[in-house]
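Have a look at the structure below before the remarks.
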Amino acid sequence: MKETLFTKGDKASAEYFVGEVWIKVVVSPTDLFDCVVNDVVFAPGARTNWHTHPGGQILICTDGLGYYQEKGKSIQLLNKGDVVKILPGLEHWHGATPNGEFTHIAINPSTTKGGVNWMEKVTDEEYNK
Ligand code: MN
């Protein structure tokens with residue numbers, strides 16, 4: 001079995017994700033930092049809904065191949081070691097490619113500005129573009 005940095009966390013809510021996604025809280029908002037850090041594992045083809053972060057977000061890709069898309073732009077391929085800086089309020093989604101699991105660490109700074117604003121699902125048509 002492949003060695004991973006963290007064990008898989010809890011299954012994410014089907015309300016906000018398509019496919020199977022596991023979220024492990026690495027740094028919780030109850031700690032003394034205004035920041036949440038999650039290790040997120042996406043099954044092949046799994047992805048977030050469209051969403052924004054009031055405090056922005058930093059993704060650090062740690063395993064597999066992923067997708068990232070900002071509204072109005074084309075999908076970007078994410079490789080292990082890639083870092084994505086997402087500005088506050090920018091509509092986007094992220095997830096796995098169809099052929100394998102994808103893992104990233106998600107850093108959500110300035111959480112006191114508010115939690116994630118979840119929007120519509122990423123359709124198969126959008127995902128397959
Ligand atoms: Mn995000």
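We label chains A, B, ... in the order they appear in the structure tokens, count residues from 1 in each chain, and number ligands from 1 in the order shown.
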
| request: Report as an MDAnalysis selection string which protein, DNA and RNA residues come within 12 Å of ligand 1, using only C-alpha atoms and all ligand atoms. | output: chainID A and resid 16:17 37:38 40 47:60 67:70 84:95 104:109 115:119

Output N, CA and C atoms for every residue in that selection, as a tab-separated table (two decimals), in the first residue's frame.
chain	number	residue	atom	x	y	z
A	16	TYR	N	-21.92	19.23	-0.93
A	16	TYR	CA	-20.93	20.20	-1.41
A	16	TYR	C	-19.89	19.61	-2.37
A	17	PHE	N	-19.96	18.28	-2.57
A	17	PHE	CA	-18.97	17.61	-3.41
A	17	PHE	C	-19.65	16.63	-4.35
A	37	VAL	N	-6.50	24.16	8.49
A	37	VAL	CA	-5.72	23.38	7.53
A	37	VAL	C	-6.34	21.98	7.44
A	38	ASN	N	-6.70	21.57	6.23
A	38	ASN	CA	-7.29	20.25	5.99
A	38	ASN	C	-6.45	19.48	4.99
A	40	VAL	N	-7.09	16.84	2.16
A	40	VAL	CA	-8.28	16.45	1.40
A	40	VAL	C	-7.89	15.42	0.34
A	47	ARG	N	-14.89	15.98	-7.04
A	47	ARG	CA	-14.54	17.41	-7.03
A	47	ARG	C	-15.48	18.17	-6.10
A	48	THR	N	-15.01	19.37	-5.74
A	48	THR	CA	-15.84	20.27	-4.94
A	48	THR	C	-16.95	20.83	-5.82
A	49	ASN	N	-17.97	21.41	-5.21
A	49	ASN	CA	-18.88	22.31	-5.94
A	49	ASN	C	-18.12	23.60	-6.23
A	50	TRP	N	-18.68	24.44	-7.09
A	50	TRP	CA	-18.19	25.80	-7.22
A	50	TRP	C	-18.31	26.47	-5.84
A	51	HIS	N	-17.33	27.30	-5.48
A	51	HIS	CA	-17.38	27.95	-4.17
A	51	HIS	C	-16.39	29.11	-4.09
A	52	THR	N	-16.54	29.89	-3.03
A	52	THR	CA	-15.58	30.97	-2.74
A	52	THR	C	-15.16	30.87	-1.27
A	53	HIS	N	-14.02	31.49	-0.96
A	53	HIS	CA	-13.53	31.57	0.41
A	53	HIS	C	-13.38	33.04	0.78
A	54	PRO	N	-14.07	33.52	1.80
A	54	PRO	CA	-13.97	34.93	2.20
A	54	PRO	C	-12.54	35.34	2.58
A	55	GLY	N	-11.75	34.40	3.07
A	55	GLY	CA	-10.37	34.71	3.45
A	55	GLY	C	-9.35	34.17	2.45
A	56	GLY	N	-9.81	33.68	1.30
A	56	GLY	CA	-8.90	33.08	0.32
A	56	GLY	C	-8.50	31.67	0.73
A	57	GLN	N	-7.67	31.04	-0.10
A	57	GLN	CA	-7.26	29.66	0.17
A	57	GLN	C	-5.93	29.36	-0.53
A	58	ILE	N	-5.12	28.52	0.10
A	58	ILE	CA	-3.89	28.04	-0.52
A	58	ILE	C	-3.97	26.52	-0.59
A	59	LEU	N	-3.76	25.97	-1.79
A	59	LEU	CA	-3.75	24.51	-1.97
A	59	LEU	C	-2.32	24.06	-2.20
A	60	ILE	N	-1.89	23.04	-1.48
A	60	ILE	CA	-0.58	22.43	-1.69
A	60	ILE	C	-0.82	20.99	-2.12
A	67	TYR	N	-7.34	18.77	-10.76
A	67	TYR	CA	-7.85	19.85	-11.59
A	67	TYR	C	-8.17	21.05	-10.71
A	68	TYR	N	-7.97	22.25	-11.28
A	68	TYR	CA	-8.37	23.49	-10.62
A	68	TYR	C	-8.93	24.42	-11.69
A	69	GLN	N	-10.05	25.04	-11.41
A	69	GLN	CA	-10.63	25.97	-12.39
A	69	GLN	C	-11.19	27.20	-11.70
A	70	GLU	N	-10.84	28.36	-12.25
A	70	GLU	CA	-11.46	29.62	-11.84
A	70	GLU	C	-12.56	29.94	-12.82
A	84	VAL	N	-1.36	26.47	-5.24
A	84	VAL	CA	-2.36	27.34	-5.85
A	84	VAL	C	-2.80	28.36	-4.81
A	85	LYS	N	-2.69	29.65	-5.16
A	85	LYS	CA	-3.15	30.72	-4.26
A	85	LYS	C	-4.45	31.28	-4.80
A	86	ILE	N	-5.52	31.17	-4.03
A	86	ILE	CA	-6.85	31.56	-4.48
A	86	ILE	C	-7.29	32.80	-3.69
A	87	LEU	N	-7.56	33.86	-4.43
A	87	LEU	CA	-7.89	35.13	-3.79
A	87	LEU	C	-9.26	35.08	-3.11
A	88	PRO	N	-9.45	35.87	-2.06
A	88	PRO	CA	-10.76	35.93	-1.39
A	88	PRO	C	-11.87	36.25	-2.39
A	89	GLY	N	-12.97	35.51	-2.30
A	89	GLY	CA	-14.14	35.79	-3.13
A	89	GLY	C	-14.09	35.26	-4.54
A	90	LEU	N	-12.99	34.66	-4.94
A	90	LEU	CA	-12.85	34.16	-6.31
A	90	LEU	C	-13.57	32.81	-6.47
A	91	GLU	N	-14.50	32.74	-7.43
A	91	GLU	CA	-15.28	31.51	-7.63
A	91	GLU	C	-14.42	30.46	-8.34
A	92	HIS	N	-14.41	29.25	-7.80
A	92	HIS	CA	-13.53	28.19	-8.31
A	92	HIS	C	-13.99	26.83	-7.84
A	93	TRP	N	-13.34	25.78	-8.38
A	93	TRP	CA	-13.51	24.41	-7.84
A	93	TRP	C	-12.19	23.68	-7.98
A	94	HIS	N	-12.04	22.59	-7.24
A	94	HIS	CA	-10.85	21.74	-7.35
A	94	HIS	C	-11.25	20.29	-7.12
A	95	GLY	N	-10.43	19.37	-7.68
A	95	GLY	CA	-10.75	17.96	-7.53
A	95	GLY	C	-9.74	17.08	-8.24
A	104	HIS	N	-4.64	17.04	-1.76
A	104	HIS	CA	-4.01	18.33	-1.48
A	104	HIS	C	-4.24	18.73	-0.03
A	105	ILE	N	-3.33	19.57	0.45
A	105	ILE	CA	-3.54	20.22	1.73
A	105	ILE	C	-4.20	21.56	1.42
A	106	ALA	N	-5.29	21.86	2.11
A	106	ALA	CA	-6.00	23.12	1.90
A	106	ALA	C	-5.81	24.00	3.13
A	107	ILE	N	-5.22	25.17	2.92
A	107	ILE	CA	-5.02	26.14	3.99
A	107	ILE	C	-6.03	27.27	3.81
A	108	ASN	N	-6.88	27.44	4.77
A	108	ASN	CA	-7.90	28.49	4.71
A	108	ASN	C	-7.58	29.55	5.76
A	109	PRO	N	-6.95	30.65	5.33
A	109	PRO	CA	-6.60	31.69	6.30
A	109	PRO	C	-7.79	32.60	6.61
A	115	GLY	N	-16.93	31.25	6.63
A	115	GLY	CA	-16.65	29.93	6.08
A	115	GLY	C	-16.82	29.92	4.57
A	116	VAL	N	-16.79	28.73	4.01
A	116	VAL	CA	-16.91	28.57	2.56
A	116	VAL	C	-18.32	28.94	2.10
A	117	ASN	N	-18.41	29.67	1.00
A	117	ASN	CA	-19.70	29.94	0.36
A	117	ASN	C	-19.90	28.92	-0.76
A	118	TRP	N	-20.74	27.91	-0.48
A	118	TRP	CA	-20.94	26.83	-1.45
A	118	TRP	C	-21.95	27.22	-2.50
A	119	MET	N	-21.68	26.83	-3.74
A	119	MET	CA	-22.54	27.15	-4.89
A	119	MET	C	-22.95	25.87	-5.60

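Counting only C-alpha atoms, Asn128 of chain A has the following residues at most 10 Å away, ignoring those fewer than 3 positions along the same chain: A:Gly45, A:Ile75, A:Thr97, A:Pro98, A:Val122, A:Thr123, A:Asp124, A:Glu125.
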
I need the chosen residues saved as a PDB file, in the first residue's frame, with N, CA and C atoms.
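Done, and the output landed in part.pdb:
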ATOM      1  N   GLY A  45     -12.286  11.422 -10.297  1.00  0.00           N
ATOM      2  CA  GLY A  45     -13.481  12.105 -10.787  1.00  0.00           C
ATOM      3  C   GLY A  45     -14.204  12.950  -9.749  1.00  0.00           C
ATOM      4  N   ILE A  75      -9.614  24.859 -17.325  1.00  0.00           N
ATOM      5  CA  ILE A  75      -9.171  23.988 -16.230  1.00  0.00           C
ATOM      6  C   ILE A  75      -7.643  23.879 -16.251  1.00  0.00           C
ATOM      7  N   THR A  97      -8.465  14.241 -11.191  1.00  0.00           N
ATOM      8  CA  THR A  97      -8.665  13.881 -12.598  1.00  0.00           C
ATOM      9  C   THR A  97      -9.461  12.568 -12.627  1.00  0.00           C
ATOM     10  N   PRO A  98      -9.935  12.142 -13.794  1.00  0.00           N
ATOM     11  CA  PRO A  98     -10.772  10.938 -13.830  1.00  0.00           C
ATOM     12  C   PRO A  98     -10.020   9.640 -13.513  1.00  0.00           C
ATOM     13  N   VAL A 122     -20.328  21.157  -9.943  1.00  0.00           N
ATOM     14  CA  VAL A 122     -19.585  21.171 -11.207  1.00  0.00           C
ATOM     15  C   VAL A 122     -20.157  20.026 -12.047  1.00  0.00           C
ATOM     16  N   THR A 123     -20.805  20.374 -13.138  1.00  0.00           N
ATOM     17  CA  THR A 123     -21.462  19.351 -13.964  1.00  0.00           C
ATOM     18  C   THR A 123     -20.422  18.521 -14.705  1.00  0.00           C
ATOM     19  N   ASP A 124     -20.842  17.344 -15.195  1.00  0.00           N
ATOM     20  CA  ASP A 124     -19.942  16.508 -15.993  1.00  0.00           C
ATOM     21  C   ASP A 124     -19.463  17.266 -17.230  1.00  0.00           C
ATOM     22  N   GLU A 125     -20.341  18.084 -17.804  1.00  0.00           N
ATOM     23  CA  GLU A 125     -19.979  18.861 -18.988  1.00  0.00           C
ATOM     24  C   GLU A 125     -18.851  19.847 -18.663  1.00  0.00           C
TER      25      GLU A 125
END

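Going from atom CA of Ala14 of chain A to atom CA of Ala96 of chain A covers 15.6 Å.
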
| said: Here is a test: counting only C-alpha atoms, which residue of A:Asp10, A:Glu15, A:Asp82, A:Glu20 is nearest to Glu101 of chain A? | reply: A:Glu20

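Residues of chain A that DSSP places in alpha helix (DSSP H), based on the backbone of this structure, are Asp124, Glu125, Glu126 and Tyr127 of chain A.
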
Selection to disk with N, CA, C and O atoms, as a compact mmCIF listing (two decimals), in the first residue's frame:
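So the final result, stored in result.txt, reads:
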# COMPACT_ATOMS: atom_id res chain seq x y z
N ASP A 124 -20.84 17.34 -15.20
CA ASP A 124 -19.94 16.51 -15.99
C ASP A 124 -19.46 17.27 -17.23
O ASP A 124 -18.32 17.12 -17.65
N GLU A 125 -20.34 18.08 -17.80
CA GLU A 125 -19.98 18.86 -18.99
C GLU A 125 -18.85 19.85 -18.66
O GLU A 125 -17.89 19.97 -19.41
N GLU A 126 -18.96 20.55 -17.52
CA GLU A 126 -17.89 21.48 -17.11
C GLU A 126 -16.62 20.71 -16.79
O GLU A 126 -15.51 21.11 -17.16
N TYR A 127 -16.78 19.59 -16.10
CA TYR A 127 -15.63 18.79 -15.65
C TYR A 127 -14.86 18.19 -16.82
O TYR A 127 -13.64 18.10 -16.79

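Residues surrounding Gly81 of chain A within 9 Å are Ile60, Cys61, Thr62 and Asp63 of chain A [only C-alpha atoms; sequence separation below 5 positions excluded].
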
Those same residues, written as a short mmCIF file (atom, residue, chain, number, x, y, z; two decimals), in the first residue's frame with C-alpha atoms?
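Generated file (result.cif):
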data_model
loop_
_atom_site.label_atom_id
_atom_site.label_comp_id
_atom_site.auth_asym_id
_atom_site.auth_seq_id
_atom_site.Cartn_x
_atom_site.Cartn_y
_atom_site.Cartn_z
CA ILE A 60 -0.58 22.43 -1.69
CA CYS A 61 -0.77 19.39 -3.96
CA THR A 62 0.77 16.34 -2.31
CA ASP A 63 -0.25 13.30 -4.40
#

| field | Point-to-point distance from atom CA of Val36 of chain A to atom CA of Lys2 of chain A, Å rounded to tenths | value | 26.2 Å

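Of note, atom CA of Asn99 of chain A and atom CA of Ala46 of chain A are spaced 10.4 Å apart.
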
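Close contacts of Ile23 of chain A, defined as residues with an atom at most 9 Å away when counting only C-alpha atoms, with chain neighbours fewer than 5 positions off set aside, comprise Lys8, Gly9, Asp10, Lys11, Ala12, Asn38, Asp39, Val40, Val41 and Phe42 of chain A.
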
Serialized selection, C-alpha atoms, as a PDB file, in the first residue's frame:
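Everything below was put into out-v8.pdb:
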ATOM      1  CA  LYS A   8      -7.965   9.607   5.282  1.00  0.00           C
ATOM      2  CA  GLY A   9     -10.335  11.785   7.305  1.00  0.00           C
ATOM      3  CA  ASP A  10     -14.131  11.799   7.395  1.00  0.00           C
ATOM      4  CA  LYS A  11     -16.280  11.517   4.261  1.00  0.00           C
ATOM      5  CA  ALA A  12     -17.249  14.975   3.020  1.00  0.00           C
ATOM      6  CA  ASN A  38      -7.293  20.254   5.991  1.00  0.00           C
ATOM      7  CA  ASP A  39      -5.811  17.262   4.185  1.00  0.00           C
ATOM      8  CA  VAL A  40      -8.277  16.450   1.403  1.00  0.00           C
ATOM      9  CA  VAL A  41      -8.356  13.237  -0.652  1.00  0.00           C
ATOM     10  CA  PHE A  42     -10.507  13.085  -3.816  1.00  0.00           C
TER      11      PHE A  42
END

| said: Among chain A, which residues does DSSP mark as strand (DSSP E or B) when it is run on the backbone? Keep the chain and numbering as in the structure and answer as a ChimeraX atom specification. | reply: /A:10-11,17-18,21-27,35-42,47-48,51-52,57-64,66-70,76-78,83-86,92-96,102-109,117-118
